[in-house]
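Visitor: Mind having a look at this structure? Questions to follow.
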Amino acid sequence: MDHVLKAPWLRYPQPIEEQAAEFILEFDAPTDVTGAILQCSALGVYYAQLNGSKVGDQVLAPGWTNYRKRLQYETYDVLSLIKEGKNVLSIEVAKGWRMHAREKDWIQPGFSQKEIALIACIVLTDAEGKETVIDKKDKWKCRESKTRFANLYDGEVYDPQYRFARPGASDFLQPSELKLPHEILIPRQGEKIKEIEELPAKAILKTPNGETIIDFGQNISGYVRFRIRGGDRAPAILLHAETLDAAGNFYTKNLRSAQQRITFIPDGAEHTYQPKFTWQGFRYVQPLHWPCELRLEDFTAVAVHSDLKRTGHFACSEPDLNRLYENIVWSMRDNYLDVPTDCPQRDERLGWTGDAQVFVRTATYIYDVERFFDKWLADLASEQFADGGIPHVIPRIFWDGDSSCGWADAAVVCPWRMYLTYGNKSILVKQYNSMQGWIDYMRRRTKDGLWVGGGHFGDWLNLDGPEGTSSGGATPHLLLQNAFFAYSTSLFIQAGDVLGLDMAEYEASLDALKTAYQKEFIADGICTVPTQTACALTLYFGLAGADRESIAAQLAGLVRECGHLKTGFLGTPYLLHALSDNGYADLAYDLLLHKDFPGWLYPLSRGATTMWEHWDGLKPDGTMWSDGMNSFNHYAYGAVYDWMFSTMCGIREQADAPGFKHIVFAPISDNRISYAEASLETRQGLVSSRWERQTDGTVLYTFQVPPGTAAEALLAGKLLPLKAGTNTFTA
Ligand code: BGC
């Protein structure tokens, strides 16, 4: 059935700098055709049309994997596009993510990053069920595409008249055959990347600098579909930005080298255009040299990302928390574009392991991400170094050095989270060796029980380091790396237990690690590193031993003393949990509801529609943290939603029966909020929790338990059994 596995690899016969190439196949279809499929993939990103109609509903196919070992192909049913007689299949290919390929990573010597390749076949079935496979190299021809420039970061240049404007440009070439391995081909493993939502243009604005810009009202990843008329080949340009500066001017410095520029060469006629081989991170666009009047109705923003099923919802009486939640959802959408990326706009857009690890729990409470992570974790395992180290970004494009704590732990934290949320052991089976590789990497580097050395990003973007630093901060790497070492080891042991393996060796090393950690970092009942992150990790990762109460009091003291959070990427996801798990839920709520700088709600006062990379991306005085590394669409701090779901609304899946087969509802309400509710469509069915303050001061709790699910509610210190269906309590 998978005929593409036998098709020849077709190489565009000339070097590809930045343009796209078009491969064309003409074939005849018999009158009695009863089935027609196209199977294809590319080393590059492709866009297929049959008889002038787009094939399939995906964009940016075949997505991004570790192409050296894993390249996804797709099977499209194209029967409805087939015509009797002559048919024309056109597949344009641009470099896409292959722009990242380094020489030593070329799939085979001689096939350089400057080249692209296509593999495709058409399979027709006639009335008798006989299949005809059309895939021979000689049937194909190719030529340059009208897309004259295509770069993921920099955008596109499209010239509808290219073939007329340049003599010889419509001449066809013969693709050559490439001897690339077919073993790298796999059926699509992840979700499709699709156009998910269209947002109309909201306003045309004039900035103080005199720029005319269009505001779509929401920071998204995707592109603009526009209608354009008139013009006489003077390039019309669309620039993209995610924010305005303090003065209200169009601001692109934080894109760094990414141009995010779409250029259309107008030819007098009316065209509707949208890019095919790139996406932008933006809320605003600036049209330059536009040949026609700017009309809102001619511009539509198209949100593009992985087509995940929405499973989770949240609402409460505090509008700011609802907006925070929307911003978290948007940053997840904007960054779950085939791989979990750090940001969708500047010259990175990479599968940073740390960001993925920090946010993964929250992600599972908003969308069904099982398949998405199944694919990404397979890439992670395929990119893992022989010594068990984990590259910083997956797919790997750089850095073969040390693996960083909190980043590399994605290898353990993410599969374990998939297992907890979806209850499917197979992810643990598939990732077990990778998990073990990472744990052993750390074990091999211990001295006196502690993992020492290495290069780490630290409590990235914290607020307790000197102004303007990123990875410094007051929490030493030695503490962070050993806290995560212990955490990942404990998850790995649980994974081994699930698989029925003997984990005694790892249990012994975890015991030794805990003892060494406590000796090094706890004295007189408190953490010798007096930072919010150090205390939060020590508590949440079960490292406080007998000093739990006093360290919790220490954390509470640190929070009260400064009145706000100071944690970075590594401490933030656990801060509220560490407080509320230890009797300081009121303080956790103080931090969550804190409206001024710094805190989760502060960016809302600055009009944020997505999560910011930095707490101080835009400071209260209107200045930016920096131009260089200042994304307004990074989801890491959005990890706070796992607390809102599991503590504020109290829905807690249990490891003894994962996949929400056993749930404990343990909501903690707060006087400042009159109601809160969260729901999740789980593998068991719909789970929801709601509490609402009544006029008499009591709280009404409503829990929805799916059939076949064991559930209890923990209210006022009592564990109450729940039945399937709706359960209500007043307390
Ligand atoms: C990325 C991060 C990433 C970090 C490594 C940044 O440039 O945007 O989110 O985790 O580098 O510390």
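In the structure tokens, chains take letters A, B, ... by order of appearance, with residues numbered from 1 within each chain and ligands from 1 in the order shown.
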Counting only C-alpha atoms and all ligand atoms, give me one row per residue of chain A with an atom at most 8 Å from an atom of ligand 1, showing the shortest contact pair and its distance in Å to one decimal, sorted by chain then residue number, as a tab-separated table.

Guide:
```
residue	atom	partner	partner_atom_place_in_ligand_line	distance
A:Asp342	CA	ligand 1	9 (O)	4.7
A:Cys343	CA	ligand 1	8 (O)	6.4
A:Glu348	CA	ligand 1	8 (O)	6.8
A:Arg349	CA	ligand 1	8 (O)	7.7
A:Leu350	CA	ligand 1	8 (O)	7.9
A:Trp352	CA	ligand 1	10 (O)	5.3
A:Thr353	CA	ligand 1	10 (O)	7.0
A:Gly354	CA	ligand 1	10 (O)	5.3
A:Asp355	CA	ligand 1	10 (O)	5.4
A:His392	CA	ligand 1	5 (C)	7.5
A:Trp407	CA	ligand 1	10 (O)	7.4
A:Phe457	CA	ligand 1	12 (O)	5.1
A:Gly458	CA	ligand 1	12 (O)	8.0
A:Trp460	CA	ligand 1	12 (O)	6.2
A:Ser471	CA	ligand 1	12 (O)	7.3
A:Glu613	CA	ligand 1	9 (O)	7.2
A:Met629	CA	ligand 1	7 (O)	6.7
A:Ser631	CA	ligand 1	8 (O)	7.7
A:His634	CA	ligand 1	9 (O)	6.9
A:Ala636	CA	ligand 1	9 (O)	7.6
```

Visitor: For the selection just defined, write its residues with C-alpha atoms to a file, as a JSON list (two decimals), in the first residue's frame.

Guide:
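File produced: out-v4.json:
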```json
[["chain", "number", "residue", "atom", "x", "y", "z"],
["A", 342, "ASP", "CA", 9.90, 28.70, 22.30],
["A", 343, "CYS", "CA", 8.41, 31.51, 20.23],
["A", 348, "GLU", "CA", 14.51, 30.85, 16.85],
["A", 349, "ARG", "CA", 11.11, 29.08, 16.74],
["A", 350, "LEU", "CA", 12.90, 26.00, 17.99],
["A", 352, "TRP", "CA", 13.56, 24.13, 23.19],
["A", 353, "THR", "CA", 13.38, 21.22, 25.57],
["A", 354, "GLY", "CA", 13.19, 23.36, 28.71],
["A", 355, "ASP", "CA", 10.20, 25.34, 27.54],
["A", 392, "HIS", "CA", 18.87, 21.76, 23.89],
["A", 407, "TRP", "CA", 15.95, 21.39, 29.77],
["A", 457, "PHE", "CA", 20.69, 27.73, 31.75],
["A", 458, "GLY", "CA", 19.79, 28.04, 35.42],
["A", 460, "TRP", "CA", 16.30, 31.29, 33.33],
["A", 471, "SER", "CA", 20.70, 32.63, 33.45],
["A", 613, "GLU", "CA", 9.04, 35.64, 27.70],
["A", 629, "MET", "CA", 15.75, 38.60, 23.49],
["A", 631, "SER", "CA", 9.52, 37.72, 22.89],
["A", 634, "HIS", "CA", 6.66, 32.51, 25.08],
["A", 636, "ALA", "CA", 6.74, 29.08, 29.90]]
```

Visitor: Residues at most 7 Å from range 659-676 of chain A, counting only C-alpha atoms, excluding those fewer than 5 positions away in the same chain, as an MDAnalysis selection string?

Guide: chainID A and resid 315:318 420:423 647:654 682:684 690:693 709:715

Visitor: Would you mind listing what lies within 10 Å of Asp409 in chain A as a ChimeraX atom specification, with only C-alpha atoms counted and same-chain residues fewer than 2 positions away left out?

Guide: /A:353-354,356-358,389-390,403-407,411-414,435,438-439,481,484-485,487-489

Visitor: When you look at Tyr153 in chain A with a cut-off of 9 Å (counting only C-alpha atoms), what residues show up, excluding the ones that are within fewer than 5 positions of it in the same chain? I need them as a ChimeraX atom specification.

Guide: /A:257-261,278-280,345-349
